[in-house]
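Everything below belongs to structure-v6.cif, which stores mmCIF, all heavy atoms.
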```cif
data_structure
#
loop_
_atom_site.label_atom_id
_atom_site.label_comp_id
_atom_site.auth_asym_id
_atom_site.auth_seq_id
_atom_site.Cartn_x
_atom_site.Cartn_y
_atom_site.Cartn_z
N MET A 58 20.38 -18.59 5.47
CA MET A 58 20.06 -17.99 6.75
C MET A 58 20.35 -16.50 6.73
O MET A 58 19.58 -15.72 7.26
CB MET A 58 20.86 -18.71 7.84
CG MET A 58 20.55 -18.22 9.20
SD MET A 58 18.91 -18.75 9.68
CE MET A 58 18.93 -18.42 11.37
N ARG A 59 21.45 -16.11 6.10
CA ARG A 59 21.82 -14.69 6.06
C ARG A 59 20.77 -13.87 5.33
O ARG A 59 20.43 -12.77 5.75
CB ARG A 59 23.18 -14.54 5.41
CG ARG A 59 23.74 -13.17 5.53
CD ARG A 59 25.16 -13.08 5.11
NE ARG A 59 25.52 -14.05 4.08
CZ ARG A 59 26.62 -14.02 3.37
NH1 ARG A 59 27.49 -13.07 3.57
NH2 ARG A 59 26.88 -14.93 2.47
N THR A 60 20.21 -14.40 4.25
CA THR A 60 19.18 -13.70 3.49
C THR A 60 17.94 -13.51 4.35
O THR A 60 17.33 -12.45 4.35
CB THR A 60 18.81 -14.48 2.22
OG1 THR A 60 19.97 -14.64 1.44
CG2 THR A 60 17.76 -13.76 1.42
N TYR A 61 17.56 -14.52 5.10
CA TYR A 61 16.40 -14.43 5.98
C TYR A 61 16.61 -13.35 7.04
O TYR A 61 15.73 -12.54 7.29
CB TYR A 61 16.13 -15.78 6.64
CG TYR A 61 14.99 -15.74 7.62
CD1 TYR A 61 13.68 -15.73 7.17
CD2 TYR A 61 15.22 -15.71 8.99
CE1 TYR A 61 12.62 -15.69 8.06
CE2 TYR A 61 14.17 -15.67 9.88
CZ TYR A 61 12.87 -15.66 9.42
OH TYR A 61 11.84 -15.61 10.31
N ILE A 62 17.77 -13.32 7.64
CA ILE A 62 18.08 -12.31 8.66
C ILE A 62 18.03 -10.92 8.04
O ILE A 62 17.46 -9.99 8.62
CB ILE A 62 19.45 -12.58 9.31
CG1 ILE A 62 19.38 -13.86 10.15
CG2 ILE A 62 19.89 -11.41 10.18
CD1 ILE A 62 20.72 -14.35 10.65
N ARG A 63 18.60 -10.75 6.85
CA ARG A 63 18.57 -9.45 6.18
C ARG A 63 17.14 -9.03 5.88
O ARG A 63 16.77 -7.88 6.08
CB ARG A 63 19.39 -9.51 4.89
CG ARG A 63 19.63 -8.14 4.30
CD ARG A 63 20.50 -8.20 3.07
NE ARG A 63 19.58 -8.17 1.94
CZ ARG A 63 19.78 -8.75 0.77
NH1 ARG A 63 20.88 -9.43 0.57
NH2 ARG A 63 18.92 -8.65 -0.18
N TYR A 64 16.32 -9.96 5.44
CA TYR A 64 14.92 -9.68 5.14
C TYR A 64 14.16 -9.28 6.40
O TYR A 64 13.38 -8.34 6.39
CB TYR A 64 14.26 -10.89 4.50
CG TYR A 64 12.79 -10.69 4.20
CD1 TYR A 64 12.39 -9.93 3.12
CD2 TYR A 64 11.82 -11.23 5.02
CE1 TYR A 64 11.05 -9.73 2.84
CE2 TYR A 64 10.48 -11.04 4.76
CZ TYR A 64 10.10 -10.28 3.67
OH TYR A 64 8.78 -10.08 3.40
N GLU A 65 14.41 -9.97 7.49
CA GLU A 65 13.72 -9.68 8.75
C GLU A 65 14.13 -8.33 9.33
O GLU A 65 13.35 -7.72 10.04
CB GLU A 65 14.02 -10.78 9.77
CG GLU A 65 13.27 -12.06 9.51
CD GLU A 65 11.77 -11.92 9.71
OE1 GLU A 65 11.35 -11.35 10.73
OE2 GLU A 65 11.03 -12.37 8.82
N GLN A 66 15.33 -7.87 9.04
CA GLN A 66 15.83 -6.64 9.64
C GLN A 66 15.68 -5.42 8.74
O GLN A 66 16.11 -4.33 9.10
CB GLN A 66 17.29 -6.81 10.03
CG GLN A 66 17.47 -7.82 11.13
CD GLN A 66 18.92 -8.04 11.47
OE1 GLN A 66 19.82 -7.59 10.78
NE2 GLN A 66 19.16 -8.77 12.54
N SER A 67 15.07 -5.57 7.58
CA SER A 67 14.93 -4.43 6.68
C SER A 67 13.51 -4.34 6.15
O SER A 67 12.68 -5.21 6.39
CB SER A 67 15.91 -4.56 5.51
OG SER A 67 15.58 -5.69 4.74
N LYS A 68 13.26 -3.28 5.42
CA LYS A 68 11.95 -3.09 4.80
C LYS A 68 11.79 -4.08 3.64
O LYS A 68 12.77 -4.54 3.08
CB LYS A 68 11.83 -1.67 4.24
CG LYS A 68 11.87 -0.59 5.29
CD LYS A 68 11.76 0.75 4.61
CE LYS A 68 11.86 1.88 5.61
NZ LYS A 68 11.78 3.18 4.95
N PRO A 69 10.54 -4.35 3.25
CA PRO A 69 10.35 -5.21 2.07
C PRO A 69 10.89 -4.52 0.82
O PRO A 69 10.93 -3.28 0.75
CB PRO A 69 8.85 -5.41 1.99
CG PRO A 69 8.24 -4.47 2.95
CD PRO A 69 9.30 -3.95 3.85
N PRO A 70 11.29 -5.28 -0.18
CA PRO A 70 11.80 -4.67 -1.42
C PRO A 70 10.73 -3.77 -2.06
O PRO A 70 9.53 -4.00 -1.93
CB PRO A 70 12.09 -5.88 -2.32
CG PRO A 70 12.23 -7.03 -1.39
CD PRO A 70 11.35 -6.73 -0.22
N ARG A 71 11.19 -2.74 -2.74
CA ARG A 71 10.29 -1.76 -3.37
C ARG A 71 9.32 -2.45 -4.33
O ARG A 71 8.16 -2.04 -4.41
CB ARG A 71 11.15 -0.73 -4.12
CG ARG A 71 10.36 0.34 -4.82
CD ARG A 71 9.95 1.41 -3.86
NE ARG A 71 9.35 2.51 -4.62
CZ ARG A 71 8.23 3.11 -4.25
NH1 ARG A 71 7.63 2.76 -3.14
NH2 ARG A 71 7.73 4.07 -4.97
N THR A 72 9.76 -3.46 -5.05
CA THR A 72 8.87 -4.15 -5.99
C THR A 72 7.70 -4.82 -5.26
O THR A 72 6.59 -4.83 -5.77
CB THR A 72 9.63 -5.20 -6.81
OG1 THR A 72 10.34 -6.06 -5.94
CG2 THR A 72 10.60 -4.55 -7.77
N ILE A 73 7.95 -5.33 -4.08
CA ILE A 73 6.89 -5.95 -3.30
C ILE A 73 5.88 -4.90 -2.84
O ILE A 73 4.67 -5.09 -2.93
CB ILE A 73 7.46 -6.71 -2.08
CG1 ILE A 73 8.43 -7.80 -2.50
CG2 ILE A 73 6.34 -7.26 -1.21
CD1 ILE A 73 7.82 -8.88 -3.38
N VAL A 74 6.38 -3.77 -2.38
CA VAL A 74 5.50 -2.68 -1.94
C VAL A 74 4.64 -2.20 -3.11
O VAL A 74 3.42 -2.02 -2.96
CB VAL A 74 6.33 -1.51 -1.36
CG1 VAL A 74 5.45 -0.30 -1.07
CG2 VAL A 74 7.05 -1.96 -0.09
N LEU A 75 5.24 -2.02 -4.28
CA LEU A 75 4.48 -1.57 -5.45
C LEU A 75 3.45 -2.60 -5.89
O LEU A 75 2.34 -2.24 -6.29
CB LEU A 75 5.44 -1.24 -6.59
CG LEU A 75 6.31 0.00 -6.39
CD1 LEU A 75 7.32 0.13 -7.52
CD2 LEU A 75 5.46 1.25 -6.27
N ALA A 76 3.80 -3.87 -5.81
CA ALA A 76 2.86 -4.92 -6.18
C ALA A 76 1.66 -4.94 -5.24
O ALA A 76 0.51 -5.07 -5.68
CB ALA A 76 3.55 -6.28 -6.17
N ILE A 77 1.90 -4.77 -3.96
CA ILE A 77 0.80 -4.72 -2.99
C ILE A 77 -0.09 -3.51 -3.26
O ILE A 77 -1.32 -3.61 -3.23
CB ILE A 77 1.36 -4.69 -1.55
CG1 ILE A 77 2.00 -6.04 -1.22
CG2 ILE A 77 0.27 -4.35 -0.55
CD1 ILE A 77 2.81 -6.04 0.05
N GLN A 78 0.51 -2.36 -3.56
CA GLN A 78 -0.27 -1.16 -3.87
C GLN A 78 -1.11 -1.37 -5.13
O GLN A 78 -2.28 -0.99 -5.16
CB GLN A 78 0.64 0.06 -4.03
CG GLN A 78 1.23 0.52 -2.73
CD GLN A 78 2.22 1.65 -2.91
OE1 GLN A 78 2.76 1.87 -3.98
NE2 GLN A 78 2.47 2.39 -1.85
N ALA A 79 -0.53 -1.97 -6.14
CA ALA A 79 -1.26 -2.20 -7.39
C ALA A 79 -2.44 -3.15 -7.16
O ALA A 79 -3.55 -2.90 -7.64
CB ALA A 79 -0.33 -2.77 -8.45
N LEU A 80 -2.22 -4.21 -6.42
CA LEU A 80 -3.30 -5.14 -6.13
C LEU A 80 -4.38 -4.49 -5.27
O LEU A 80 -5.57 -4.76 -5.46
CB LEU A 80 -2.75 -6.39 -5.44
CG LEU A 80 -1.92 -7.31 -6.33
CD1 LEU A 80 -1.27 -8.40 -5.49
CD2 LEU A 80 -2.77 -7.90 -7.43
N SER A 81 -3.98 -3.64 -4.36
CA SER A 81 -4.96 -2.93 -3.54
C SER A 81 -5.81 -2.00 -4.39
O SER A 81 -7.02 -1.88 -4.18
CB SER A 81 -4.26 -2.14 -2.44
OG SER A 81 -3.59 -3.02 -1.56
N LEU A 82 -5.20 -1.33 -5.35
CA LEU A 82 -5.95 -0.46 -6.25
C LEU A 82 -6.94 -1.26 -7.09
O LEU A 82 -8.09 -0.86 -7.27
CB LEU A 82 -5.01 0.32 -7.17
CG LEU A 82 -4.36 1.55 -6.57
CD1 LEU A 82 -3.30 2.10 -7.51
CD2 LEU A 82 -5.39 2.60 -6.26
N VAL A 83 -6.50 -2.40 -7.60
CA VAL A 83 -7.39 -3.25 -8.39
C VAL A 83 -8.58 -3.71 -7.55
O VAL A 83 -9.72 -3.72 -8.01
CB VAL A 83 -6.61 -4.46 -8.96
CG1 VAL A 83 -7.55 -5.50 -9.53
CG2 VAL A 83 -5.62 -4.00 -10.02
N THR A 84 -8.32 -4.04 -6.30
CA THR A 84 -9.38 -4.47 -5.39
C THR A 84 -10.36 -3.32 -5.11
O THR A 84 -11.55 -3.54 -4.96
CB THR A 84 -8.78 -4.96 -4.07
OG1 THR A 84 -7.87 -6.02 -4.35
CG2 THR A 84 -9.85 -5.46 -3.13
N MET A 85 -9.86 -2.09 -5.08
CA MET A 85 -10.68 -0.93 -4.78
C MET A 85 -11.51 -0.45 -5.98
O MET A 85 -12.50 0.27 -5.80
CB MET A 85 -9.77 0.22 -4.30
CG MET A 85 -10.52 1.33 -3.64
SD MET A 85 -9.55 2.77 -3.11
CE MET A 85 -7.87 2.37 -3.29
N LEU A 86 -11.15 -0.82 -7.19
CA LEU A 86 -11.82 -0.32 -8.39
C LEU A 86 -13.35 -0.43 -8.36
O LEU A 86 -14.03 0.55 -8.70
CB LEU A 86 -11.27 -1.00 -9.64
CG LEU A 86 -9.92 -0.50 -10.13
CD1 LEU A 86 -9.44 -1.35 -11.30
CD2 LEU A 86 -9.97 0.95 -10.50
N PRO A 87 -13.94 -1.55 -7.97
CA PRO A 87 -15.40 -1.63 -7.97
C PRO A 87 -16.07 -0.63 -7.02
O PRO A 87 -17.22 -0.24 -7.23
CB PRO A 87 -15.70 -3.07 -7.51
CG PRO A 87 -14.45 -3.82 -7.78
CD PRO A 87 -13.33 -2.84 -7.65
N ASP A 88 -15.37 -0.20 -5.99
CA ASP A 88 -15.94 0.71 -4.99
C ASP A 88 -15.79 2.19 -5.35
O ASP A 88 -16.43 3.03 -4.72
CB ASP A 88 -15.29 0.48 -3.63
CG ASP A 88 -15.54 -0.91 -3.09
OD1 ASP A 88 -16.59 -1.48 -3.44
OD2 ASP A 88 -14.69 -1.42 -2.33
N ILE A 89 -14.96 2.50 -6.31
CA ILE A 89 -14.64 3.90 -6.59
C ILE A 89 -15.88 4.74 -6.90
O ILE A 89 -16.01 5.85 -6.41
CB ILE A 89 -13.59 4.01 -7.72
CG1 ILE A 89 -12.23 3.59 -7.17
CG2 ILE A 89 -13.52 5.42 -8.29
CD1 ILE A 89 -11.11 3.60 -8.17
N GLU A 90 -16.80 4.22 -7.67
CA GLU A 90 -17.99 4.99 -8.04
C GLU A 90 -18.97 5.16 -6.88
O GLU A 90 -19.77 6.07 -6.89
CB GLU A 90 -18.71 4.32 -9.22
CG GLU A 90 -17.91 4.36 -10.51
CD GLU A 90 -17.66 5.78 -11.02
OE1 GLU A 90 -18.54 6.64 -10.86
OE2 GLU A 90 -16.57 6.01 -11.56
N THR A 91 -18.91 4.28 -5.89
CA THR A 91 -19.90 4.32 -4.82
C THR A 91 -19.38 4.94 -3.52
O THR A 91 -20.18 5.32 -2.68
CB THR A 91 -20.40 2.90 -4.51
OG1 THR A 91 -19.30 2.08 -4.13
CG2 THR A 91 -21.08 2.30 -5.72
N LEU A 92 -18.08 5.05 -3.37
CA LEU A 92 -17.52 5.61 -2.13
C LEU A 92 -17.68 7.12 -2.08
O LEU A 92 -17.57 7.80 -3.11
CB LEU A 92 -16.03 5.29 -2.03
CG LEU A 92 -15.65 3.88 -1.68
CD1 LEU A 92 -14.13 3.71 -1.78
CD2 LEU A 92 -16.12 3.52 -0.29
N PRO A 93 -17.92 7.65 -0.89
CA PRO A 93 -17.88 9.11 -0.73
C PRO A 93 -16.46 9.60 -1.06
O PRO A 93 -15.48 8.90 -0.83
CB PRO A 93 -18.19 9.33 0.75
CG PRO A 93 -18.81 8.06 1.23
CD PRO A 93 -18.28 6.98 0.34
N VAL A 94 -16.38 10.81 -1.58
CA VAL A 94 -15.09 11.35 -2.04
C VAL A 94 -14.05 11.36 -0.92
O VAL A 94 -12.90 10.98 -1.14
CB VAL A 94 -15.29 12.77 -2.62
CG1 VAL A 94 -13.96 13.41 -2.94
CG2 VAL A 94 -16.15 12.71 -3.87
N GLU A 95 -14.44 11.78 0.26
CA GLU A 95 -13.46 11.86 1.35
C GLU A 95 -12.95 10.48 1.75
O GLU A 95 -11.77 10.31 2.05
CB GLU A 95 -14.06 12.58 2.56
CG GLU A 95 -13.02 12.98 3.58
CD GLU A 95 -11.84 13.76 3.00
OE1 GLU A 95 -12.05 14.66 2.18
OE2 GLU A 95 -10.70 13.45 3.38
N THR A 96 -13.80 9.49 1.73
CA THR A 96 -13.37 8.12 2.03
C THR A 96 -12.39 7.63 0.98
O THR A 96 -11.37 7.00 1.30
CB THR A 96 -14.59 7.17 2.10
OG1 THR A 96 -15.49 7.65 3.09
CG2 THR A 96 -14.18 5.76 2.43
N LEU A 97 -12.68 7.90 -0.27
CA LEU A 97 -11.80 7.51 -1.37
C LEU A 97 -10.44 8.19 -1.24
O LEU A 97 -9.40 7.56 -1.38
CB LEU A 97 -12.45 7.86 -2.70
CG LEU A 97 -11.71 7.43 -3.95
CD1 LEU A 97 -11.50 5.93 -3.97
CD2 LEU A 97 -12.48 7.88 -5.18
N ARG A 98 -10.46 9.48 -0.92
CA ARG A 98 -9.19 10.20 -0.73
C ARG A 98 -8.37 9.59 0.40
O ARG A 98 -7.15 9.44 0.29
CB ARG A 98 -9.47 11.68 -0.42
CG ARG A 98 -9.90 12.47 -1.60
CD ARG A 98 -10.11 13.90 -1.21
NE ARG A 98 -10.61 14.66 -2.34
CZ ARG A 98 -11.36 15.74 -2.24
NH1 ARG A 98 -11.69 16.21 -1.06
NH2 ARG A 98 -11.78 16.36 -3.32
N GLN A 99 -9.05 9.28 1.51
CA GLN A 99 -8.34 8.70 2.65
C GLN A 99 -7.74 7.34 2.31
O GLN A 99 -6.61 7.04 2.69
CB GLN A 99 -9.27 8.57 3.86
CG GLN A 99 -8.58 8.11 5.11
CD GLN A 99 -7.44 9.03 5.52
OE1 GLN A 99 -7.57 10.24 5.47
NE2 GLN A 99 -6.32 8.45 5.91
N ARG A 100 -8.47 6.53 1.57
CA ARG A 100 -7.93 5.22 1.17
C ARG A 100 -6.71 5.37 0.28
O ARG A 100 -5.73 4.64 0.43
CB ARG A 100 -9.00 4.40 0.45
CG ARG A 100 -10.04 3.84 1.38
CD ARG A 100 -10.89 2.85 0.65
NE ARG A 100 -11.95 2.35 1.50
CZ ARG A 100 -12.79 1.40 1.13
NH1 ARG A 100 -12.72 0.86 -0.07
NH2 ARG A 100 -13.72 0.99 1.95
N ILE A 101 -6.76 6.32 -0.64
CA ILE A 101 -5.62 6.54 -1.52
C ILE A 101 -4.43 7.08 -0.75
O ILE A 101 -3.29 6.66 -0.98
CB ILE A 101 -6.01 7.45 -2.69
CG1 ILE A 101 -7.00 6.70 -3.60
CG2 ILE A 101 -4.79 7.90 -3.49
CD1 ILE A 101 -7.61 7.54 -4.68
N ARG A 102 -4.68 7.99 0.19
CA ARG A 102 -3.59 8.49 1.03
C ARG A 102 -2.95 7.36 1.83
O ARG A 102 -1.73 7.28 1.94
CB ARG A 102 -4.10 9.56 2.00
CG ARG A 102 -4.30 10.89 1.37
CD ARG A 102 -4.63 11.93 2.46
NE ARG A 102 -5.18 13.11 1.82
CZ ARG A 102 -6.44 13.51 1.93
NH1 ARG A 102 -7.29 12.85 2.68
NH2 ARG A 102 -6.86 14.58 1.30
N THR A 103 -3.79 6.51 2.41
CA THR A 103 -3.27 5.38 3.18
C THR A 103 -2.45 4.45 2.30
O THR A 103 -1.37 4.01 2.68
CB THR A 103 -4.44 4.60 3.82
OG1 THR A 103 -5.16 5.49 4.68
CG2 THR A 103 -3.94 3.42 4.63
N LEU A 104 -2.97 4.17 1.12
CA LEU A 104 -2.28 3.28 0.18
C LEU A 104 -0.94 3.87 -0.25
O LEU A 104 0.04 3.15 -0.39
CB LEU A 104 -3.17 3.05 -1.04
CG LEU A 104 -2.72 2.01 -2.04
CD1 LEU A 104 -2.57 0.65 -1.38
CD2 LEU A 104 -3.72 1.93 -3.18
N ALA A 105 -0.89 5.19 -0.40
CA ALA A 105 0.36 5.84 -0.81
C ALA A 105 1.32 6.04 0.34
O ALA A 105 2.46 6.45 0.14
CB ALA A 105 0.02 7.19 -1.46
N GLY A 106 0.85 5.77 1.56
CA GLY A 106 1.73 5.93 2.72
C GLY A 106 1.81 7.35 3.21
O GLY A 106 2.71 7.69 3.97
N ASP A 107 0.85 8.19 2.84
CA ASP A 107 0.83 9.58 3.26
C ASP A 107 -0.02 9.69 4.52
O ASP A 107 -1.19 9.36 4.52
CB ASP A 107 0.22 10.46 2.16
CG ASP A 107 0.20 11.93 2.51
OD1 ASP A 107 0.87 12.31 3.49
OD2 ASP A 107 -0.48 12.68 1.80
N SER A 108 0.57 10.15 5.59
CA SER A 108 -0.16 10.23 6.86
C SER A 108 -0.76 11.61 7.10
O SER A 108 -1.42 11.82 8.11
CB SER A 108 0.77 9.85 8.02
OG SER A 108 1.85 10.74 8.08
N SER A 109 -0.53 12.58 6.21
CA SER A 109 -1.07 13.92 6.42
C SER A 109 -2.57 13.94 6.15
O SER A 109 -3.10 13.12 5.42
CB SER A 109 -0.37 14.92 5.50
OG SER A 109 -0.67 14.64 4.16
N THR A 110 -3.25 14.86 6.76
CA THR A 110 -4.69 15.00 6.57
C THR A 110 -4.97 16.35 5.95
O THR A 110 -4.35 17.35 6.31
CB THR A 110 -5.47 14.86 7.89
OG1 THR A 110 -4.96 15.81 8.82
CG2 THR A 110 -5.33 13.46 8.45
N GLY A 111 -5.96 16.38 5.04
CA GLY A 111 -6.37 17.64 4.44
C GLY A 111 -5.52 18.02 3.36
O GLY A 111 -5.04 18.53 2.61
#
```

Rewritten as structure tokens:
Amino acid sequence: MRTYIRYEQSKPPRTIVLAIQALSLVTMLPDIETLPVETLRQRIRTLAGDSSTG
């Protein structure tokens, strides 16, 4: 129970975040050649957790 409470009250472990990012990149690979450059940049920024624009 204590582990569950700790998990619910904190961020996911870094390894989980990195795994999700890696899988998201793999999923995006087929679209890289066809996406407009700005859309691709925005997706990568979102994936990296960067909220800045430009």

Chain and number of each residue from the PyMOL selection byres (((chain A and resi 78 and name CA) around 12) and name CA), as a PyMOL selection string: chain A and resi 71-77+79-85+100-106

If you run DSSP over the backbone, which residues in range 62-93 of chain A end up helix (DSSP H, G or I)? Put them as a PyMOL selection string. chain A and resi 62-65+71-88

Atom-to-atom span, atom O of Leu86 in chain A and atom N of Arg98 in chain A, Å: 12.4 Å

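Relative to CA of Gln99 in chain A, CE of Lys68 in chain A is found at 21.5 Å.
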
Which centre and which edge lengths, in Å to one decimal, describe the axis-aligned box that holds all listed atoms of range 60-63 of chain A after 5 Å is added on each side, as lines of an AutoDock Vina configuration file?
```
center_x = 16.4
center_y = -11.8
center_z = 5.2
size_x = 19.0
size_y = 17.9
size_z = 20.8
```

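The coordinates place OD2 of Asp107 in chain A at 27.1 Å from CD2 of Tyr64 in chain A.
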